file coords.tsv (TSV, C-alpha atoms)
chain	number	residue	atom	x	y	z
A	137	MET	CA	5.64	60.85	-24.53
A	138	ALA	CA	7.92	63.84	-25.02
A	139	ASP	CA	10.71	61.96	-23.24
A	140	THR	CA	10.97	59.55	-26.14
A	141	VAL	CA	13.05	62.11	-28.02
A	142	LYS	CA	16.16	61.96	-25.89
A	143	GLY	CA	17.99	65.04	-24.65
A	144	GLY	CA	15.86	67.81	-23.23
A	145	GLY	CA	15.51	70.87	-25.41
A	146	ARG	CA	16.75	68.90	-28.39
A	147	SER	CA	13.43	69.36	-30.16
A	148	GLU	CA	14.40	72.95	-30.85
A	149	ARG	CA	17.70	72.04	-32.47
A	150	VAL	CA	16.77	68.90	-34.40
A	151	ALA	CA	14.93	69.28	-37.70
A	152	PRO	CA	11.33	67.99	-37.75
A	153	ARG	CA	12.03	65.07	-40.11
A	154	GLU	CA	14.76	63.78	-37.82
A	155	ARG	CA	12.63	64.25	-34.71
A	156	ILE	CA	9.82	62.29	-36.34
A	157	LEU	CA	12.18	59.46	-37.24
A	158	LEU	CA	13.66	59.32	-33.72
A	159	ALA	CA	10.21	59.24	-32.13
A	160	ALA	CA	8.94	56.66	-34.64
A	161	ALA	CA	11.97	54.41	-34.08
A	162	ASP	CA	11.47	54.45	-30.33
A	163	LEU	CA	7.71	53.86	-30.40
A	164	PHE	CA	7.65	51.31	-33.25
A	165	TYR	CA	10.43	49.31	-31.64
A	166	ARG	CA	8.97	49.25	-28.15
A	167	HIS	CA	5.30	48.78	-28.93
A	168	GLY	CA	5.24	47.28	-32.42
A	169	ILE	CA	4.59	48.99	-35.74
A	170	ARG	CA	0.85	48.38	-35.86
A	171	ALA	CA	0.29	49.37	-32.23
A	172	VAL	CA	1.46	52.94	-32.89
A	173	GLY	CA	-0.44	55.47	-34.99
A	174	VAL	CA	1.00	58.50	-36.81
A	175	GLU	CA	-0.79	60.75	-34.32
A	176	ALA	CA	1.24	59.28	-31.44
A	177	VAL	CA	4.47	59.59	-33.46
A	178	ALA	CA	3.79	63.25	-34.30
A	179	GLU	CA	2.97	64.01	-30.67
A	180	ALA	CA	6.10	62.31	-29.35
A	181	ALA	CA	8.15	64.26	-31.91
A	182	GLY	CA	6.65	67.54	-30.71
A	183	THR	CA	5.00	68.20	-34.06
A	184	ASN	CA	1.72	67.39	-35.81
A	185	LYS	CA	0.31	65.01	-38.41
A	186	MET	CA	0.41	67.62	-41.16
A	187	THR	CA	4.15	68.10	-40.72
A	188	LEU	CA	4.64	64.34	-40.55
A	189	TYR	CA	2.85	63.87	-43.86
A	190	ARG	CA	4.91	66.68	-45.40
A	191	HIS	CA	8.02	64.57	-44.76
A	192	PHE	CA	6.59	61.08	-45.27
A	193	ALA	CA	3.95	60.29	-47.87
A	194	SER	CA	2.33	57.66	-45.61
A	195	LYS	CA	2.82	55.72	-42.39
A	196	ASP	CA	4.12	52.84	-44.53
A	197	GLU	CA	6.85	55.12	-45.93
A	198	LEU	CA	7.79	56.20	-42.41
A	199	VAL	CA	8.03	52.53	-41.42
A	200	ALA	CA	10.27	51.79	-44.41
A	201	GLU	CA	12.59	54.68	-43.50
A	202	TYR	CA	12.68	53.54	-39.85
A	203	LEU	CA	13.87	50.13	-41.05
A	204	ARG	CA	16.45	51.63	-43.45
A	205	ARG	CA	17.93	53.41	-40.43
A	206	ALA	CA	17.96	50.19	-38.40
A	207	ALA	CA	19.81	48.45	-41.25
A	208	ALA	CA	22.35	51.29	-41.41
A	209	THR	CA	23.03	50.95	-37.66
A	210	SER	CA	23.79	47.28	-38.18
A	211	ASN	CA	26.29	48.16	-40.92
A	212	GLU	CA	28.04	50.50	-38.49
A	213	SER	CA	28.45	47.60	-36.05
A	214	TRP	CA	30.18	45.52	-38.71
A	215	ALA	CA	32.55	48.41	-39.46
A	216	ARG	CA	33.32	48.49	-35.73
A	217	TYR	CA	34.10	44.74	-35.58
A	218	GLU	CA	36.50	45.28	-38.47
A	219	ARG	CA	38.27	48.10	-36.62
A	220	MET	CA	38.51	45.88	-33.51
A	221	HIS	CA	39.94	42.90	-35.41
A	222	PRO	CA	41.49	44.20	-38.65
A	223	GLY	CA	42.29	41.42	-41.12
A	224	GLU	CA	40.81	38.77	-38.79
A	225	PRO	CA	37.47	37.72	-40.28
A	226	PHE	CA	37.03	34.80	-37.88
A	227	GLU	CA	37.40	37.10	-34.87
A	228	GLN	CA	34.94	39.55	-36.43
A	229	LEU	CA	32.38	36.73	-36.60
A	230	ARG	CA	33.03	35.85	-32.94
A	231	GLU	CA	32.66	39.48	-31.94
A	232	TRP	CA	29.33	39.65	-33.76
A	233	LEU	CA	28.16	36.42	-32.11
A	234	ARG	CA	28.99	37.72	-28.63
A	235	GLU	CA	27.49	41.15	-29.17
A	236	MET	CA	24.33	39.82	-30.82
A	237	SER	CA	23.86	37.23	-28.06
A	238	GLU	CA	24.02	40.00	-25.47
A	239	HIS	CA	21.75	42.22	-27.52
A	240	ALA	CA	19.16	39.52	-28.17
A	241	THR	CA	18.86	38.76	-24.48
A	242	CYS	CA	19.04	42.29	-23.07
A	243	ALA	CA	15.93	43.12	-21.04
A	244	ASP	CA	15.08	46.39	-22.80
A	245	GLN	CA	15.46	44.87	-26.25
A	246	ARG	CA	12.71	43.34	-28.39
A	247	GLY	CA	14.94	41.57	-30.90
A	248	CYS	CA	15.75	42.69	-34.42
A	249	ALA	CA	13.59	45.58	-35.62
A	250	LEU	CA	13.67	44.21	-39.16
A	251	ALA	CA	12.74	40.64	-38.23
A	252	ASN	CA	9.90	41.89	-36.02
A	253	ALA	CA	8.64	44.00	-38.91
A	254	ALA	CA	8.67	40.92	-41.17
A	255	VAL	CA	6.31	39.22	-38.72
A	256	GLU	CA	4.06	42.24	-38.30
A	257	LEU	CA	3.76	43.24	-41.94
A	258	ALA	CA	2.15	40.30	-43.69
A	259	GLU	CA	1.27	42.26	-46.84
A	260	ARG	CA	3.65	41.35	-49.67
A	261	GLU	CA	3.37	44.82	-51.21
A	262	HIS	CA	4.30	46.86	-48.12
A	263	PRO	CA	7.18	49.26	-49.00
A	264	ALA	CA	9.12	47.97	-45.97
A	265	ARG	CA	9.34	44.42	-47.30
A	266	PRO	CA	12.11	45.05	-49.88
A	267	VAL	CA	14.06	46.87	-47.14
A	268	ILE	CA	13.76	43.87	-44.80
A	269	GLU	CA	14.62	41.34	-47.48
A	270	ALA	CA	17.62	43.30	-48.80
A	271	TYR	CA	18.94	43.69	-45.26
A	272	LYS	CA	18.61	40.03	-44.31
A	273	VAL	CA	20.10	38.83	-47.59
A	274	ALA	CA	23.05	41.26	-47.26
A	275	GLN	CA	23.57	40.13	-43.66
A	276	HIS	CA	23.70	36.50	-44.74
A	277	GLU	CA	26.12	37.33	-47.56
A	278	ARG	CA	28.32	39.21	-45.16
A	279	LEU	CA	28.54	36.16	-42.90
A	280	VAL	CA	29.36	33.97	-45.92
A	281	GLY	CA	32.02	36.47	-47.06
A	282	LEU	CA	33.71	36.53	-43.67
A	283	GLY	CA	33.63	32.74	-43.42
A	284	ARG	CA	35.17	32.48	-46.87
A	285	ALA	CA	37.83	35.08	-46.02
A	286	ALA	CA	38.62	32.98	-42.93
A	287	GLY	CA	39.28	30.01	-45.22
A	288	LEU	CA	36.36	27.87	-44.01
A	289	VAL	CA	35.28	24.94	-46.16
A	290	GLU	CA	31.52	25.59	-45.92
A	291	PRO	CA	31.02	29.30	-45.33
A	292	GLU	CA	27.37	29.17	-46.49
A	293	LEU	CA	26.58	26.52	-43.89
A	294	LEU	CA	28.17	28.56	-41.10
A	295	ALA	CA	26.22	31.63	-42.23
A	296	ASP	CA	22.98	29.63	-42.08
A	297	GLU	CA	23.77	28.22	-38.67
A	298	LEU	CA	24.70	31.53	-37.09
A	299	HIS	CA	21.87	33.39	-38.76
A	300	LEU	CA	19.24	30.87	-37.64
A	301	LEU	CA	20.69	30.67	-34.13
A	302	LEU	CA	20.44	34.41	-33.57
A	303	GLU	CA	17.09	34.88	-35.26
A	304	GLY	CA	15.78	32.07	-33.08
A	305	ALA	CA	17.26	33.69	-29.99
A	306	ARG	CA	15.50	36.96	-30.60
A	307	VAL	CA	12.12	35.27	-30.82
A	308	THR	CA	12.86	33.03	-27.83
A	309	ALA	CA	13.76	36.05	-25.69
A	310	GLN	CA	10.32	37.44	-26.45
A	311	SER	CA	8.40	34.20	-25.78
A	312	VAL	CA	10.19	31.89	-23.32
A	313	GLY	CA	12.29	34.61	-21.71
A	314	ARG	CA	15.92	35.64	-21.36
A	315	GLU	CA	17.22	33.75	-18.36
A	316	GLY	CA	20.53	32.07	-19.11
A	317	LEU	CA	19.89	32.46	-22.82
A	318	CYS	CA	22.92	34.66	-23.57
A	319	ALA	CA	25.44	32.18	-22.12
A	320	ARG	CA	23.78	29.27	-23.95
A	321	LEU	CA	23.83	31.18	-27.23
A	322	VAL	CA	27.52	31.99	-26.96
A	323	ARG	CA	28.26	28.36	-26.06
A	324	ILE	CA	26.32	26.97	-29.03
A	325	GLY	CA	27.66	29.61	-31.43
A	326	GLU	CA	31.27	29.20	-30.33
A	327	ALA	CA	30.96	25.44	-30.88
A	328	MET	CA	29.59	26.09	-34.39
A	329	LEU	CA	32.52	28.36	-35.16
A	330	GLU	CA	35.02	25.89	-33.73
A	331	ARG	CA	33.69	22.99	-35.82
A	332	HIS	CA	34.03	25.13	-38.92
A	333	ARG	CA	37.54	26.23	-37.94
A	334	GLN	CA	38.52	22.58	-37.64
A	335	GLY	CA	37.16	21.96	-41.13
A	336	LEU	CA	34.51	19.48	-39.92
A	337	PRO	CA	31.38	21.62	-39.82
A	338	LEU	CA	28.81	18.83	-39.58
A	339	ARG	CA	30.69	16.58	-37.17
B	47	MET	CA	-14.46	36.70	-46.37
B	48	ALA	CA	-17.09	34.00	-45.95
B	49	ASP	CA	-14.73	31.49	-47.52
B	50	THR	CA	-12.46	31.67	-44.50
B	51	VAL	CA	-14.75	29.29	-42.68
B	52	LYS	CA	-14.06	26.16	-44.67
B	53	GLY	CA	-16.78	23.88	-45.93
B	54	GLY	CA	-19.72	25.57	-47.58
B	55	GLY	CA	-22.90	25.52	-45.54
B	56	ARG	CA	-20.95	24.68	-42.41
B	57	SER	CA	-22.01	27.94	-40.82
B	58	GLU	CA	-25.43	26.46	-40.23
B	59	ARG	CA	-24.12	23.39	-38.46
B	60	VAL	CA	-21.25	24.82	-36.40
B	61	ALA	CA	-22.03	26.71	-33.19
B	62	PRO	CA	-21.28	30.46	-33.22
B	63	ARG	CA	-18.39	30.26	-30.71
B	64	GLU	CA	-16.64	27.68	-32.85
B	65	ARG	CA	-17.29	29.61	-36.08
B	66	ILE	CA	-15.81	32.73	-34.49
B	67	LEU	CA	-12.71	30.82	-33.38
B	68	LEU	CA	-12.22	29.27	-36.81
B	69	ALA	CA	-12.55	32.62	-38.55
B	70	ALA	CA	-10.29	34.34	-36.01
B	71	ALA	CA	-7.62	31.66	-36.36
B	72	ASP	CA	-7.57	32.02	-40.13
B	73	LEU	CA	-7.53	35.83	-40.18
B	74	PHE	CA	-5.13	36.36	-37.26
B	75	TYR	CA	-2.68	33.85	-38.67
B	76	ARG	CA	-2.71	35.16	-42.23
B	77	HIS	CA	-2.79	38.91	-41.58
B	78	GLY	CA	-1.46	39.32	-38.05
B	79	ILE	CA	-3.40	39.82	-34.83
B	80	ARG	CA	-3.31	43.60	-34.84
B	81	ALA	CA	-4.22	43.87	-38.50
B	82	VAL	CA	-7.61	42.23	-37.94
B	83	GLY	CA	-10.48	43.81	-36.00
B	84	VAL	CA	-13.34	42.02	-34.24
B	85	GLU	CA	-15.72	43.37	-36.88
B	86	ALA	CA	-13.86	41.47	-39.61
B	87	VAL	CA	-13.79	38.30	-37.49
B	88	ALA	CA	-17.53	38.47	-36.80
B	89	GLU	CA	-18.25	39.05	-40.48
B	90	ALA	CA	-16.06	36.14	-41.60
B	91	ALA	CA	-17.80	33.93	-39.04
B	92	GLY	CA	-21.20	34.90	-40.43
B	93	THR	CA	-22.25	36.57	-37.19
B	94	ASN	CA	-22.01	39.99	-35.52
B	95	LYS	CA	-19.95	41.82	-32.92
B	96	MET	CA	-22.63	41.45	-30.25
B	97	THR	CA	-22.56	37.66	-30.53
B	98	LEU	CA	-18.76	37.71	-30.56
B	99	TYR	CA	-18.69	39.68	-27.31
B	100	ARG	CA	-21.21	37.29	-25.79
B	101	HIS	CA	-18.67	34.48	-26.23
B	102	PHE	CA	-15.45	36.43	-25.65
B	103	ALA	CA	-15.17	39.26	-23.13
B	104	SER	CA	-12.71	41.15	-25.36
B	105	LYS	CA	-10.58	40.84	-28.50
B	106	ASP	CA	-7.64	40.04	-26.19
B	107	GLU	CA	-9.54	37.07	-24.78
B	108	LEU	CA	-10.34	35.86	-28.28
B	109	VAL	CA	-6.64	36.11	-29.13
B	110	ALA	CA	-5.69	34.11	-26.02
B	111	GLU	CA	-8.18	31.37	-26.95
B	112	TYR	CA	-6.90	31.31	-30.56
B	113	LEU	CA	-3.40	30.68	-29.18
B	114	ARG	CA	-4.60	27.99	-26.74
B	115	ARG	CA	-6.01	26.16	-29.75
B	116	ALA	CA	-2.75	26.53	-31.66
B	117	ALA	CA	-0.88	25.05	-28.68
B	118	ALA	CA	-3.34	22.13	-28.51
B	119	THR	CA	-2.76	21.39	-32.21
B	120	SER	CA	0.96	21.18	-31.53
B	121	ASN	CA	0.34	18.68	-28.72
B	122	GLU	CA	-1.63	16.54	-31.15
B	123	SER	CA	1.39	16.46	-33.47
B	124	TRP	CA	3.60	15.14	-30.68
B	125	ALA	CA	1.06	12.41	-29.95
B	126	ARG	CA	1.24	11.50	-33.64
B	127	TYR	CA	5.06	11.26	-33.62
B	128	GLU	CA	4.74	8.92	-30.66
B	129	ARG	CA	2.30	6.69	-32.53
B	130	MET	CA	4.65	6.68	-35.53
B	131	HIS	CA	7.72	5.75	-33.48
B	132	PRO	CA	6.54	4.18	-30.22
B	133	GLY	CA	9.29	3.87	-27.61
B	134	GLU	CA	11.79	5.64	-29.91
B	135	PRO	CA	12.28	9.15	-28.51
B	136	PHE	CA	15.20	9.90	-30.82
B	137	GLU	CA	13.11	9.09	-33.90
B	138	GLN	CA	10.27	11.22	-32.54
B	139	LEU	CA	12.69	14.16	-32.37
B	140	ARG	CA	13.79	13.52	-35.96
B	141	GLU	CA	10.19	13.32	-37.11
B	142	TRP	CA	9.47	16.66	-35.44
B	143	LEU	CA	12.57	18.22	-37.03
B	144	ARG	CA	11.55	17.08	-40.50
B	145	GLU	CA	7.92	18.10	-40.16
B	146	MET	CA	8.72	21.47	-38.58
B	147	SER	CA	11.32	22.19	-41.26
B	148	GLU	CA	8.73	21.56	-43.93
B	149	HIS	CA	6.12	23.53	-42.07
B	150	ALA	CA	8.40	26.51	-41.42
B	151	THR	CA	9.25	26.80	-45.09
B	152	CYS	CA	5.85	26.07	-46.61
B	153	ALA	CA	4.66	28.96	-48.80
B	154	ASP	CA	1.24	29.37	-47.20
B	155	GLN	CA	2.65	29.34	-43.68
B	156	ARG	CA	3.70	32.35	-41.64
B	157	GLY	CA	5.64	30.52	-38.95
B	158	CYS	CA	4.51	29.66	-35.45
B	159	ALA	CA	1.29	31.42	-34.45
B	160	LEU	CA	2.50	31.67	-30.86
B	161	ALA	CA	5.94	33.07	-31.69
B	162	ASN	CA	4.38	35.61	-34.06
B	163	ALA	CA	2.00	36.67	-31.31
B	164	ALA	CA	4.95	37.16	-28.94
B	165	VAL	CA	6.41	39.63	-31.43
B	166	GLU	CA	3.11	41.41	-32.05
B	167	LEU	CA	1.92	41.70	-28.46
B	168	ALA	CA	4.52	43.80	-26.68
B	169	GLU	CA	2.34	44.49	-23.63
B	170	ARG	CA	3.46	42.37	-20.69
B	171	GLU	CA	-0.07	42.20	-19.27
B	172	HIS	CA	-1.83	40.87	-22.39
B	173	PRO	CA	-3.83	37.71	-21.49
B	174	ALA	CA	-2.16	35.87	-24.38
B	175	ARG	CA	1.32	36.21	-22.91
B	176	PRO	CA	1.00	33.47	-20.24
B	177	VAL	CA	-0.42	31.19	-22.97
B	178	ILE	CA	2.61	31.83	-25.20
B	179	GLU	CA	5.13	31.44	-22.40
B	180	ALA	CA	3.57	28.25	-21.01
B	181	TYR	CA	3.53	26.75	-24.52
B	182	LYS	CA	7.13	27.57	-25.35
B	183	VAL	CA	8.41	26.39	-21.96
B	184	ALA	CA	6.44	23.12	-22.26
B	185	GLN	CA	7.77	22.63	-25.80
B	186	HIS	CA	11.34	23.08	-24.59
B	187	GLU	CA	10.75	20.66	-21.69
B	188	ARG	CA	9.31	18.13	-24.08
B	189	LEU	CA	12.44	18.28	-26.23
B	190	VAL	CA	14.60	17.89	-23.10
B	191	GLY	CA	12.47	14.94	-21.93
B	192	LEU	CA	12.78	13.13	-25.26
B	193	GLY	CA	16.53	13.76	-25.37
B	194	ARG	CA	16.85	12.39	-21.85
B	195	ALA	CA	14.71	9.37	-22.69
B	196	ALA	CA	17.02	8.76	-25.66
B	197	GLY	CA	19.96	8.63	-23.25
B	198	LEU	CA	21.70	11.77	-24.51
B	199	VAL	CA	24.35	13.35	-22.29
B	200	GLU	CA	23.19	16.94	-22.68
B	201	PRO	CA	19.46	16.89	-23.43
B	202	GLU	CA	19.04	20.58	-22.44
B	203	LEU	CA	21.65	21.62	-24.96
B	204	LEU	CA	19.97	19.66	-27.76
B	205	ALA	CA	16.61	21.19	-26.83
B	206	ASP	CA	18.14	24.67	-27.02
B	207	GLU	CA	19.79	23.97	-30.35
B	208	LEU	CA	16.70	22.51	-32.02
B	209	HIS	CA	14.39	25.10	-30.54
B	210	LEU	CA	16.56	28.03	-31.66
B	211	LEU	CA	17.11	26.50	-35.10
B	212	LEU	CA	13.40	26.20	-35.81
B	213	GLU	CA	12.39	29.50	-34.25
B	214	GLY	CA	15.07	31.12	-36.40
B	215	ALA	CA	13.81	29.30	-39.47
B	216	ARG	CA	10.29	30.60	-39.05
B	217	VAL	CA	11.48	34.19	-38.91
B	218	THR	CA	13.91	33.67	-41.79
B	219	ALA	CA	11.16	32.26	-43.98
B	220	GLN	CA	9.25	35.50	-43.44
B	221	SER	CA	12.20	37.83	-44.05
B	222	VAL	CA	14.84	36.32	-46.36
B	223	GLY	CA	12.53	33.79	-47.96
B	224	ARG	CA	12.05	30.04	-48.20
B	225	GLU	CA	14.21	28.93	-51.09
B	226	GLY	CA	16.33	25.93	-50.15
B	227	LEU	CA	15.69	26.63	-46.48
B	228	CYS	CA	13.93	23.35	-45.69
B	229	ALA	CA	16.80	21.17	-46.94
B	230	ARG	CA	19.35	23.29	-45.07
B	231	LEU	CA	17.34	23.07	-41.86
B	232	VAL	CA	17.08	19.30	-42.03
B	233	ARG	CA	20.82	19.06	-42.77
B	234	ILE	CA	21.80	21.28	-39.82
B	235	GLY	CA	19.28	19.69	-37.47
B	236	GLU	CA	20.24	16.12	-38.41
B	237	ALA	CA	23.89	16.99	-37.73
B	238	MET	CA	22.91	18.38	-34.31
B	239	LEU	CA	21.04	15.19	-33.51
B	240	GLU	CA	23.91	13.02	-34.75
B	241	ARG	CA	26.50	14.82	-32.60
B	242	HIS	CA	24.30	14.28	-29.58
B	243	ARG	CA	23.76	10.63	-30.44
B	244	GLN	CA	27.52	10.18	-30.57
B	245	GLY	CA	27.76	11.74	-27.12
B	246	LEU	CA	29.88	14.65	-28.33
B	247	PRO	CA	27.33	17.45	-28.65
B	248	LEU	CA	29.74	20.36	-28.93
B	249	ARG	CA	32.32	18.72	-31.16

call {"tool": "encode", "arguments": {"input": "coords.tsv", "output": "structure tokens"}}
result
Amino acid sequence: MADTVKGGGRSERVAPRERILLAAADLFYRHGIRAVGVEAVAEAAGTNKMTLYRHFASKDELVAEYLRRAAATSNESWARYERMHPGEPFEQLREWLREMSEHATCADQRGCALANAAVELAEREHPARPVIEAYKVAQHERLVGLGRAAGLVEPELLADELHLLLEGARVTAQSVGREGLCARLVRIGEAMLERHRQGLPLR
Amino acid sequence: MADTVKGGGRSERVAPRERILLAAADLFYRHGIRAVGVEAVAEAAGTNKMTLYRHFASKDELVAEYLRRAAATSNESWARYERMHPGEPFEQLREWLREMSEHATCADQRGCALANAAVELAEREHPARPVIEAYKVAQHERLVGLGRAAGLVEPELLADELHLLLEGARVTAQSVGREGLCARLVRIGEAMLERHRQGLPLR
């Protein structure tokens, strides 16, 4: 599984902690968190369990850090939408809808790493759970904030609608399949946005 | 974990295969499929691994049967909606929306057993995958069929919208939380239904 750390020879230049996180992210995302042991992560990172435990107190801590990284990547996307459409919150929401619809239905994707983790980690006390919850709440607030900045009358409702639509899409892609799903998502989401723009969100 | 098989003393009256399935359903649903080993299932069922393997060739086969049961339970619900609202497909859809919204946001629930399994079981060749896919496709077709029977102009679109809304809700309940979610779901779903009833689904 050495190929899971991309870029040949990189293992010599990248610090062990980073290599472990890259390997863990790849394996956890593709196979599921519980399906992958620390031994497999250490091996894919070109290191060993002892080194892994020097950097992460437990597998649970490694999982939590993997999810913090995934959340940070999502924040970078939002910064990108803002650069693409400065001062246009409505267009930023549309950009997110389009990109997320593509992402959710892309064949090599398995949905949102944080939502999948919420399903896999049933234990309330797992250190990843506050990471997941904080991320999803912040995401929802961001959608509300953009809707409000766009002058919509019910920004919370739009945030709910978009959030549920895309969470549902990620699960659907994994169960029913992806065929035609992206186009349908964009169509439904654009109609949601349009109703809100016209000030008649529930009509 | 003997209490997972409900009804004290039942273990003496229920056949081993059934006891194993009841215990597996409870444990898999509450803790996740990967978090529970066959040893724990056998113990909760008041039997042993050897007996378990006499009835199920592998843990994967047990998982597939657990999901077939979950799908059958869902079919029973649809039969109930039909008895409640005979000849009224639109009302059957509303009944499903209301019940699923409550179910998705109920504190002791962890969403749809079949959707959760789709997230947990990344392997394409797992024997549970055809069970999950057949169920979700049939569910979608059922929604389309009821929408068509109700005379809606775009029954496929309504099926997509309702399906995505509730799949999204089940994940959201596990990540963001349940507070207020049920009421919001019913509000959004009722508005979807109403737009379709008025023949203007995307307005």

call {"tool": "interface_residues", "arguments": {"input": "coords.tsv", "of": "chain B", "to": "chain A", "cutoff": "6 Å", "atoms": "only C-alpha atoms", "output": "ChimeraX atom specification"}}
result
/B:77,164,168,179,182-183,210-211,213-215,220-222,237,248

call {"tool": "closest_residue", "arguments": {"input": "coords.tsv", "among": "A:Gly316, A:Leu233, A:Glu197, A:Val322", "to": "A:Ala295", "atoms": "all atoms listed in the file"}}
result
A:Leu233

call {"tool": "residues_around", "arguments": {"input": "coords.tsv", "residues": "A:Thr187", "least_positions_apart": "2", "cutoff": "10 Å", "atoms": "only C-alpha atoms", "output": "list of chain:residue names"}}
result
A:Pro152, A:Arg153, A:Ile156, A:Ala178, A:Thr183, A:Asn184, A:Lys185, A:Tyr189, A:Arg190, A:His191, A:Phe192

call {"tool": "atom_distance", "arguments": {"input": "coords.tsv", "atom1": "atom CA of A:Ala264", "atom2": "atom CA of A:Arg204"}}
result
8.6 Å

call {"tool": "closest_residue", "arguments": {"input": "coords.tsv", "among": "B:Glu148, B:Glu122, B:Glu200, B:Glu85", "to": "B:Cys228", "atoms": "all atoms listed in the file"}}
result
B:Glu148

call {"tool": "axis_aligned_box", "arguments": {"input": "coords.tsv", "around": "stretch 325-334 of chain A", "padding_each_side": "3 Å", "output": "AutoDock Vina command-line options"}}
result
--center_x 33.1 --center_y 26.1 --center_z -34.6 --size_x 16.9 --size_y 13.0 --size_z 14.6

call {"tool": "residues_near_point", "arguments": {"input": "coords.tsv", "point": "(27.1, 43.0, -37.9)", "cutoff": "10 Å", "atoms": "only C-alpha atoms", "output": "MDAnalysis selection string"}}
result
chainID A and resid 207 209:218 228:229 231:233 235:236 275 278:279

call {"tool": "atom_distance", "arguments": {"input": "coords.tsv", "atom1": "atom CA of B:Val84", "atom2": "atom CA of B:Leu98"}}
result
7.8 Å

call {"tool": "decode", "arguments": {"input": "coords.tsv", "residues": "stretch 153-187 of chain A", "atoms": "C-alpha atoms", "output": "short mmCIF file (atom, residue, chain, number, x, y, z; two decimals), in the first residue's frame"}}
result
data_model
loop_
_atom_site.label_atom_id
_atom_site.label_comp_id
_atom_site.auth_asym_id
_atom_site.auth_seq_id
_atom_site.Cartn_x
_atom_site.Cartn_y
_atom_site.Cartn_z
CA ARG A 153 3.51 12.59 11.44
CA GLU A 154 2.44 14.04 8.10
CA ARG A 155 3.02 10.75 6.28
CA ILE A 156 0.89 8.95 8.85
CA LEU A 157 -1.92 11.48 8.43
CA LEU A 158 -1.81 11.25 4.62
CA ALA A 159 -1.91 7.46 4.70
CA ALA A 160 -4.66 7.43 7.34
CA ALA A 161 -6.78 9.90 5.36
CA ASP A 162 -6.55 7.80 2.22
CA LEU A 163 -7.25 4.46 3.91
CA PHE A 164 -9.96 5.67 6.32
CA TYR A 165 -11.78 7.46 3.52
CA ARG A 166 -11.68 4.61 1.03
CA HIS A 167 -12.31 1.66 3.31
CA GLY A 168 -14.01 3.14 6.36
CA ILE A 169 -12.51 4.02 9.73
CA ARG A 170 -13.25 0.72 11.44
CA ALA A 171 -12.07 -1.38 8.51
CA VAL A 172 -8.51 -0.05 8.81
CA GLY A 173 -6.16 -0.84 11.70
CA VAL A 174 -3.20 1.25 12.89
CA GLU A 175 -0.86 -1.46 11.60
CA ALA A 176 -2.10 -0.90 8.02
CA VAL A 177 -1.81 2.88 8.43
CA ALA A 178 1.77 2.63 9.73
CA GLU A 179 2.72 0.30 6.89
CA ALA A 180 1.19 2.53 4.21
CA ALA A 181 3.05 5.49 5.74
CA GLY A 182 6.35 3.62 5.54
CA THR A 183 6.76 3.61 9.31
CA ASN A 184 5.75 1.43 12.26
CA LYS A 185 3.19 1.31 15.05
CA MET A 186 5.64 2.60 17.65
CA THR A 187 6.26 5.77 15.64
#
